[in-house]
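Peer 1: For reference, this is run31.pdb, and it has PDB, C-alpha atoms, pLDDT in the B column.
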```
ATOM      1  CA  MET A 941     -20.183  33.563 -72.600  1.00 38.00           C
ATOM      2  CA  GLY A 942     -18.077  34.976 -75.414  1.00 38.00           C
ATOM      3  CA  SER A 943     -20.847  37.332 -76.420  1.00 39.00           C
ATOM      4  CA  ARG A 944     -21.072  40.991 -75.564  1.00 40.00           C
ATOM      5  CA  TYR A 945     -24.753  40.484 -74.826  1.00 38.00           C
ATOM      6  CA  LEU A 946     -25.941  39.822 -71.335  1.00 39.00           C
ATOM      7  CA  LEU A 947     -28.212  36.869 -70.735  1.00 39.00           C
ATOM      8  CA  THR A 948     -30.586  38.307 -68.207  1.00 39.00           C
ATOM      9  CA  GLU A 949     -33.017  35.446 -67.890  1.00 43.00           C
ATOM     10  CA  ARG A 950     -33.660  32.014 -69.345  1.00 42.00           C
ATOM     11  CA  SER A 951     -36.760  29.997 -68.825  1.00 46.00           C
ATOM     12  CA  ASN A 952     -38.215  27.094 -70.744  1.00 48.00           C
ATOM     13  CA  PHE A 953     -40.460  29.555 -72.505  1.00 68.00           C
ATOM     14  CA  MET A 954     -38.489  32.672 -73.257  1.00 83.00           C
ATOM     15  CA  TYR A 955     -35.006  34.068 -73.780  1.00 92.00           C
ATOM     16  CA  ILE A 956     -34.540  37.591 -72.499  1.00 93.00           C
ATOM     17  CA  ARG A 957     -31.460  39.238 -73.908  1.00 94.00           C
ATOM     18  CA  GLU A 958     -30.080  42.622 -72.999  1.00 95.00           C
ATOM     19  CA  ILE A 959     -28.713  44.198 -76.161  1.00 97.00           C
ATOM     20  CA  PRO A 960     -26.418  47.222 -76.021  1.00 97.00           C
ATOM     21  CA  TYR A 961     -26.713  49.429 -79.095  1.00 97.00           C
ATOM     22  CA  LYS A 962     -26.419  52.986 -80.310  1.00 97.00           C
ATOM     23  CA  ASP A 963     -29.764  54.461 -81.379  1.00 96.00           C
ATOM     24  CA  PHE A 964     -30.233  56.644 -84.455  1.00 96.00           C
ATOM     25  CA  ASN A 965     -29.679  59.782 -82.367  1.00 97.00           C
ATOM     26  CA  GLY A 966     -26.257  58.473 -81.355  1.00 96.00           C
ATOM     27  CA  ASN A 967     -27.314  57.599 -77.801  1.00 98.00           C
ATOM     28  CA  GLU A 968     -25.852  54.490 -76.154  1.00 98.00           C
ATOM     29  CA  ARG A 969     -28.671  52.238 -74.962  1.00 97.00           C
ATOM     30  CA  LYS A 970     -29.229  48.846 -73.361  1.00 97.00           C
ATOM     31  CA  LYS A 971     -32.597  47.221 -73.518  1.00 96.00           C
ATOM     32  CA  ASN A 972     -34.068  43.784 -72.872  1.00 96.00           C
ATOM     33  CA  PHE A 973     -35.555  42.031 -75.885  1.00 97.00           C
ATOM     34  CA  TYR A 974     -37.635  38.863 -75.780  1.00 96.00           C
ATOM     35  CA  PHE A 975     -37.284  35.785 -77.979  1.00 96.00           C
ATOM     36  CA  ASN A 976     -39.255  32.559 -77.964  1.00 92.00           C
ATOM     37  CA  LEU A 977     -39.748  29.662 -80.316  1.00 89.00           C
ATOM     38  CA  THR A 978     -42.488  27.365 -79.190  1.00 85.00           C
ATOM     39  CA  THR A 979     -42.469  23.677 -79.898  1.00 81.00           C
ATOM     40  CA  ALA A 980     -45.227  24.369 -82.441  1.00 83.00           C
ATOM     41  CA  ASP A 981     -43.008  26.954 -84.190  1.00 86.00           C
ATOM     42  CA  LEU A 982     -40.189  24.437 -84.367  1.00 82.00           C
ATOM     43  CA  ILE A 983     -42.373  21.627 -85.643  1.00 81.00           C
ATOM     44  CA  GLU A 984     -43.646  23.951 -88.377  1.00 86.00           C
ATOM     45  CA  MET A 985     -40.063  24.840 -89.308  1.00 83.00           C
ATOM     46  CA  GLU A 986     -38.993  21.194 -89.147  1.00 79.00           C
ATOM     47  CA  LEU A 987     -41.767  19.956 -91.417  1.00 83.00           C
ATOM     48  CA  SER A 988     -41.488  22.825 -93.904  1.00 85.00           C
ATOM     49  CA  VAL A 989     -38.052  21.791 -95.205  1.00 81.00           C
ATOM     50  CA  ASP A 990     -37.192  18.529 -96.964  1.00 81.00           C
ATOM     51  CA  GLY A 991     -35.198  16.376 -94.555  1.00 79.00           C
ATOM     52  CA  GLY A 992     -36.112  18.603 -91.623  1.00 76.00           C
ATOM     53  CA  PHE A 993     -34.953  22.006 -90.435  1.00 75.00           C
ATOM     54  CA  ASP A 994     -32.147  20.568 -88.313  1.00 73.00           C
ATOM     55  CA  GLN A 995     -30.701  18.757 -91.341  1.00 77.00           C
ATOM     56  CA  TYR A 996     -31.198  21.858 -93.494  1.00 76.00           C
ATOM     57  CA  ILE A 997     -29.124  23.936 -91.069  1.00 76.00           C
ATOM     58  CA  ALA A 998     -26.417  21.272 -90.986  1.00 76.00           C
ATOM     59  CA  ARG A 999     -26.290  21.125 -94.800  1.00 76.00           C
ATOM     60  CA  ILE A1000     -25.925  24.875 -95.295  1.00 74.00           C
ATOM     61  CA  ALA A1001     -23.405  25.205 -92.439  1.00 73.00           C
ATOM     62  CA  ASN A1002     -21.263  22.396 -93.857  1.00 75.00           C
ATOM     63  CA  ALA A1003     -21.475  23.831 -97.371  1.00 69.00           C
ATOM     64  CA  GLN A1004     -20.713  27.346 -96.071  1.00 78.00           C
ATOM     65  CA  LYS A1005     -23.598  28.787 -98.081  1.00 76.00           C
ATOM     66  CA  THR A1006     -23.491  32.338 -96.742  1.00 81.00           C
ATOM     67  CA  PRO A1007     -26.760  33.551 -98.316  1.00 85.00           C
ATOM     68  CA  GLU A1008     -28.626  30.617 -96.789  1.00 82.00           C
ATOM     69  CA  ILE A1009     -26.955  31.085 -93.397  1.00 83.00           C
ATOM     70  CA  VAL A1010     -28.017  34.750 -93.392  1.00 87.00           C
ATOM     71  CA  LYS A1011     -31.570  33.723 -94.284  1.00 87.00           C
ATOM     72  CA  VAL A1012     -31.702  31.186 -91.416  1.00 85.00           C
ATOM     73  CA  PHE A1013     -30.481  33.670 -88.815  1.00 87.00           C
ATOM     74  CA  LYS A1014     -32.929  36.300 -89.964  1.00 93.00           C
ATOM     75  CA  GLU A1015     -35.732  33.733 -89.757  1.00 90.00           C
ATOM     76  CA  LEU A1016     -34.690  32.603 -86.288  1.00 91.00           C
ATOM     77  CA  ILE A1017     -34.538  36.178 -84.998  1.00 96.00           C
ATOM     78  CA  THR A1018     -37.761  37.383 -86.575  1.00 96.00           C
ATOM     79  CA  LYS A1019     -39.758  34.228 -85.896  1.00 94.00           C
ATOM     80  CA  SER A1020     -38.709  34.224 -82.236  1.00 95.00           C
ATOM     81  CA  TYR A1021     -39.055  37.956 -81.484  1.00 97.00           C
ATOM     82  CA  GLY A1022     -42.031  39.135 -79.449  1.00 96.00           C
ATOM     83  CA  GLU A1023     -43.261  40.834 -76.302  1.00 95.00           C
ATOM     84  CA  LYS A1024     -44.429  39.182 -73.110  1.00 90.00           C
ATOM     85  CA  SER A1025     -47.862  40.274 -71.927  1.00 89.00           C
ATOM     86  CA  ASP A1026     -47.965  42.002 -68.539  1.00 90.00           C
ATOM     87  CA  ASP A1027     -49.776  39.053 -66.975  1.00 90.00           C
ATOM     88  CA  GLY A1028     -47.335  36.509 -68.467  1.00 85.00           C
ATOM     89  CA  GLU A1029     -50.149  34.604 -70.168  1.00 88.00           C
ATOM     90  CA  SER A1030     -49.068  35.423 -73.715  1.00 89.00           C
ATOM     91  CA  PHE A1031     -45.987  35.931 -75.823  1.00 92.00           C
ATOM     92  CA  ILE A1032     -47.233  38.386 -78.416  1.00 95.00           C
ATOM     93  CA  LYS A1033     -45.765  38.266 -81.916  1.00 96.00           C
ATOM     94  CA  ILE A1034     -48.552  40.079 -83.793  1.00 96.00           C
ATOM     95  CA  ASP A1035     -49.515  43.694 -83.058  1.00 95.00           C
ATOM     96  CA  PRO A1036     -53.180  43.519 -81.983  1.00 93.00           C
ATOM     97  CA  LYS A1037     -53.862  46.997 -83.388  1.00 94.00           C
ATOM     98  CA  THR A1038     -52.336  46.563 -86.847  1.00 95.00           C
ATOM     99  CA  GLY A1039     -52.268  42.802 -87.326  1.00 96.00           C
ATOM    100  CA  ARG A1040     -48.632  43.101 -88.430  1.00 97.00           C
ATOM    101  CA  PRO A1041     -45.773  41.034 -86.993  1.00 97.00           C
ATOM    102  CA  LEU A1042     -43.918  42.848 -84.205  1.00 97.00           C
ATOM    103  CA  CYS A1043     -40.644  41.698 -85.740  1.00 97.00           C
ATOM    104  CA  GLU A1044     -41.204  44.174 -88.594  1.00 97.00           C
ATOM    105  CA  ALA A1045     -40.820  47.088 -86.159  1.00 96.00           C
ATOM    106  CA  PHE A1046     -37.908  45.351 -84.392  1.00 98.00           C
ATOM    107  CA  GLU A1047     -36.052  44.928 -87.703  1.00 98.00           C
ATOM    108  CA  GLN A1048     -36.060  48.713 -88.073  1.00 97.00           C
ATOM    109  CA  THR A1049     -34.127  49.258 -84.849  1.00 98.00           C
ATOM    110  CA  ALA A1050     -30.415  49.583 -84.247  1.00 98.00           C
ATOM    111  CA  ALA A1051     -30.790  46.819 -81.656  1.00 98.00           C
ATOM    112  CA  TYR A1052     -31.808  44.364 -84.400  1.00 98.00           C
ATOM    113  CA  SER A1053     -28.820  45.442 -86.461  1.00 97.00           C
ATOM    114  CA  ALA A1054     -26.480  44.930 -83.481  1.00 97.00           C
ATOM    115  CA  LEU A1055     -27.918  41.477 -82.748  1.00 97.00           C
ATOM    116  CA  PHE A1056     -27.940  40.333 -86.377  1.00 96.00           C
ATOM    117  CA  THR A1057     -24.365  41.521 -86.922  1.00 95.00           C
ATOM    118  CA  GLU A1058     -23.202  39.744 -83.783  1.00 94.00           C
ATOM    119  CA  LEU A1059     -24.863  36.460 -84.755  1.00 92.00           C
ATOM    120  CA  ILE A1060     -23.485  36.515 -88.294  1.00 91.00           C
ATOM    121  CA  THR A1061     -19.936  37.378 -87.241  1.00 92.00           C
ATOM    122  CA  ASN A1062     -19.532  35.503 -83.949  1.00 91.00           C
ATOM    123  CA  THR A1063     -19.957  31.727 -83.887  1.00 86.00           C
ATOM    124  CA  ASP A1064     -20.175  31.600 -80.088  1.00 90.00           C
ATOM    125  CA  ALA A1065     -22.923  34.245 -80.035  1.00 91.00           C
ATOM    126  CA  ALA A1066     -24.789  32.409 -82.804  1.00 87.00           C
ATOM    127  CA  SER A1067     -24.621  29.087 -80.939  1.00 85.00           C
ATOM    128  CA  GLU A1068     -25.728  30.745 -77.714  1.00 89.00           C
ATOM    129  CA  PHE A1069     -28.727  32.377 -79.391  1.00 91.00           C
ATOM    130  CA  ILE A1070     -29.837  29.148 -81.050  1.00 86.00           C
ATOM    131  CA  ASN A1071     -29.428  27.165 -77.837  1.00 84.00           C
ATOM    132  CA  GLN A1072     -31.428  29.728 -75.876  1.00 89.00           C
ATOM    133  CA  VAL A1073     -34.393  30.191 -78.250  1.00 88.00           C
ATOM    134  CA  ILE A1074     -34.902  26.520 -78.993  1.00 82.00           C
ATOM    135  CA  PRO A1075     -36.901  24.823 -76.223  1.00 76.00           C
ATOM    136  CA  PRO A1076     -35.151  22.023 -74.323  1.00 73.00           C
ATOM    137  CA  ASP A1077     -37.708  19.497 -75.595  1.00 71.00           C
ATOM    138  CA  ALA A1078     -37.113  20.405 -79.260  1.00 69.00           C
ATOM    139  CA  ALA A1079     -35.199  17.250 -80.194  1.00 63.00           C
ATOM    140  CA  GLU A1080     -37.995  15.113 -78.794  1.00 71.00           C
ATOM    141  CA  ALA A1081     -40.606  17.224 -80.601  1.00 65.00           C
ATOM    142  CA  PHE A1082     -38.698  16.954 -83.904  1.00 62.00           C
ATOM    143  CA  ALA A1083     -38.508  13.190 -83.622  1.00 65.00           C
ATOM    144  CA  LYS A1084     -42.181  12.924 -82.749  1.00 68.00           C
ATOM    145  CA  ALA A1085     -43.177  15.286 -85.554  1.00 63.00           C
ATOM    146  CA  LYS A1086     -41.230  13.252 -88.098  1.00 62.00           C
ATOM    147  CA  THR A1087     -42.779   9.964 -87.014  1.00 67.00           C
ATOM    148  CA  GLU A1088     -46.307  10.992 -86.109  1.00 61.00           C
ATOM    149  CA  SER A1089     -46.998  13.916 -88.389  1.00 56.00           C
ATOM    150  CA  THR A1090     -50.565  14.133 -89.637  1.00 52.00           C
ATOM    151  CA  VAL A1091     -49.234  16.020 -92.660  1.00 50.00           C
ATOM    152  CA  VAL A1092     -46.910  13.147 -93.530  1.00 49.00           C
ATOM    153  CA  SER A1093     -49.718  10.644 -92.944  1.00 48.00           C
ATOM    154  CA  LEU A1094     -52.107  12.598 -95.172  1.00 45.00           C
ATOM    155  CA  VAL A1095     -49.557  12.736 -97.981  1.00 47.00           C
ATOM    156  CA  GLU A1096     -48.783   9.033 -97.673  1.00 50.00           C
ATOM    157  CA  ASP A1097     -52.532   8.170 -97.567  1.00 52.00           C
ATOM    158  CA  ASN A1098     -53.110  10.032-100.837  1.00 48.00           C
ATOM    159  CA  LYS A1099     -50.470   8.081-102.767  1.00 52.00           C
TER     160      LYS A1099
END
```
Please, can you express the file's structure as structure tokens?

Peer 2:
Amino acid sequence: MGSRYLLTERSNFMYIREIPYKDFNGNERKKNFYFNLTTADLIEMELSVDGGFDQYIARIANAQKTPEIVKVFKELITKSYGEKSDDGESFIKIDPKTGRPLCEAFEQTAAYSALFTELITNTDAASEFINQVIPPDAAEAFAKAKTESTVVSLVEDNK
């Protein structure tokens, strides 16, 4: 795999990644963390950037715009982070008690730091993460969103 992280499970709906890290007490730990981008998440990302999210990523990668690359990886990690409900019915991204995104707590962990550092410094790990969190039907969803988007239709109708 090229990455020091262990892929423990991959389904069409979720990427479970075991991340080894050292906690703030100096203890070595390994824990499974859950990541998922739904087709709806991806369509939102695709339609929120001129030319589409896929083209945006290609442009910043080709231009080697480090600040933008960092921003994209942070967005991919935080937007995809969550917790699977015990019954498997939900992938929870918002804390039901506080109404705050769960990624805010995750960002404060050494595990987040280990993952972020790995993705920014290791091209293979970055590619693996992207390929695992993006659903297999994403390309089809992007194409459909670009051609059949109600948002695009509404904008064009108002011209």

Peer 1: Pick from A:Phe1046, A:Tyr955, A:Tyr996, A:Tyr1052: nearest to Asn976 of chain A, with only C-alpha atoms counted?

Peer 2: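 Using only C-alpha atoms, Asn976 of chain A sits closest to A:Tyr955.
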
Peer 1: Put a box with edges along x, y and z around all the listed atoms of segment 973-979 of chain A, pad it by 3 Å on each side, then give me its centre and sizes in Å, one decimal, as JSON.

Peer 2:
```
{"center_x": -39.0, "center_y": 32.9, "center_z": -78.0, "size_x": 12.9, "size_y": 24.4, "size_z": 10.5}
```

Peer 1: Just how far from atom CA of Tyr974 of chain A is atom CA of Thr1018 of chain A, in Å to one decimal?

Peer 2: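 Going from atom CA of Thr1018 of chain A over to atom CA of Tyr974 of chain A, I get 10.9 Å.
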
Peer 1: For this structure, which residues satisfy the selection - the PyMOL selection byres ((chain A and resi 1028-1034) around 10) - when it is evaluated on the file as given? I want them as JSON, numbers by chain.

Peer 2: {"A": [953, 954, 974, 975, 976, 977, 978, 1018, 1019, 1020, 1021, 1022, 1023, 1024, 1025, 1026, 1027, 1035, 1036, 1037, 1038, 1039, 1040, 1041, 1042, 1043, 1044]}

Peer 1: Dump as a list of chain:residue names all residues having an atom at most 7 Å from (-27.7, 50.2, -77.5), computed in the file's coordinates with all atoms listed in the file.

Peer 2: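 Using all atoms listed in the file, the matching residues come out as A:Ile959, A:Pro960, A:Tyr961, A:Lys962, A:Asp963, A:Glu968, A:Arg969, A:Lys970, A:Lys971, A:Ala1051.
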
Peer 1: Would you save the residues from that selection as a CSV table (one decimal), in the frame of the given file, using C-alpha atoms?

Peer 2:
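Below is the file out.csv, written as the result:
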```
chain,number,residue,atom,x,y,z
A,959,ILE,CA,-28.7,44.2,-76.2
A,960,PRO,CA,-26.4,47.2,-76.0
A,961,TYR,CA,-26.7,49.4,-79.1
A,962,LYS,CA,-26.4,53.0,-80.3
A,963,ASP,CA,-29.8,54.5,-81.4
A,968,GLU,CA,-25.9,54.5,-76.2
A,969,ARG,CA,-28.7,52.2,-75.0
A,970,LYS,CA,-29.2,48.8,-73.4
A,971,LYS,CA,-32.6,47.2,-73.5
A,1051,ALA,CA,-30.8,46.8,-81.7
```

Peer 1: With all atoms listed in the file as the basis for distance, which of A:Phe1013, A:Phe993, A:Ile956, A:Phe973 is at the shortest distance from Ala1066 of chain A?

Peer 2: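 Nearest to Ala1066 of chain A: A:Phe1013.
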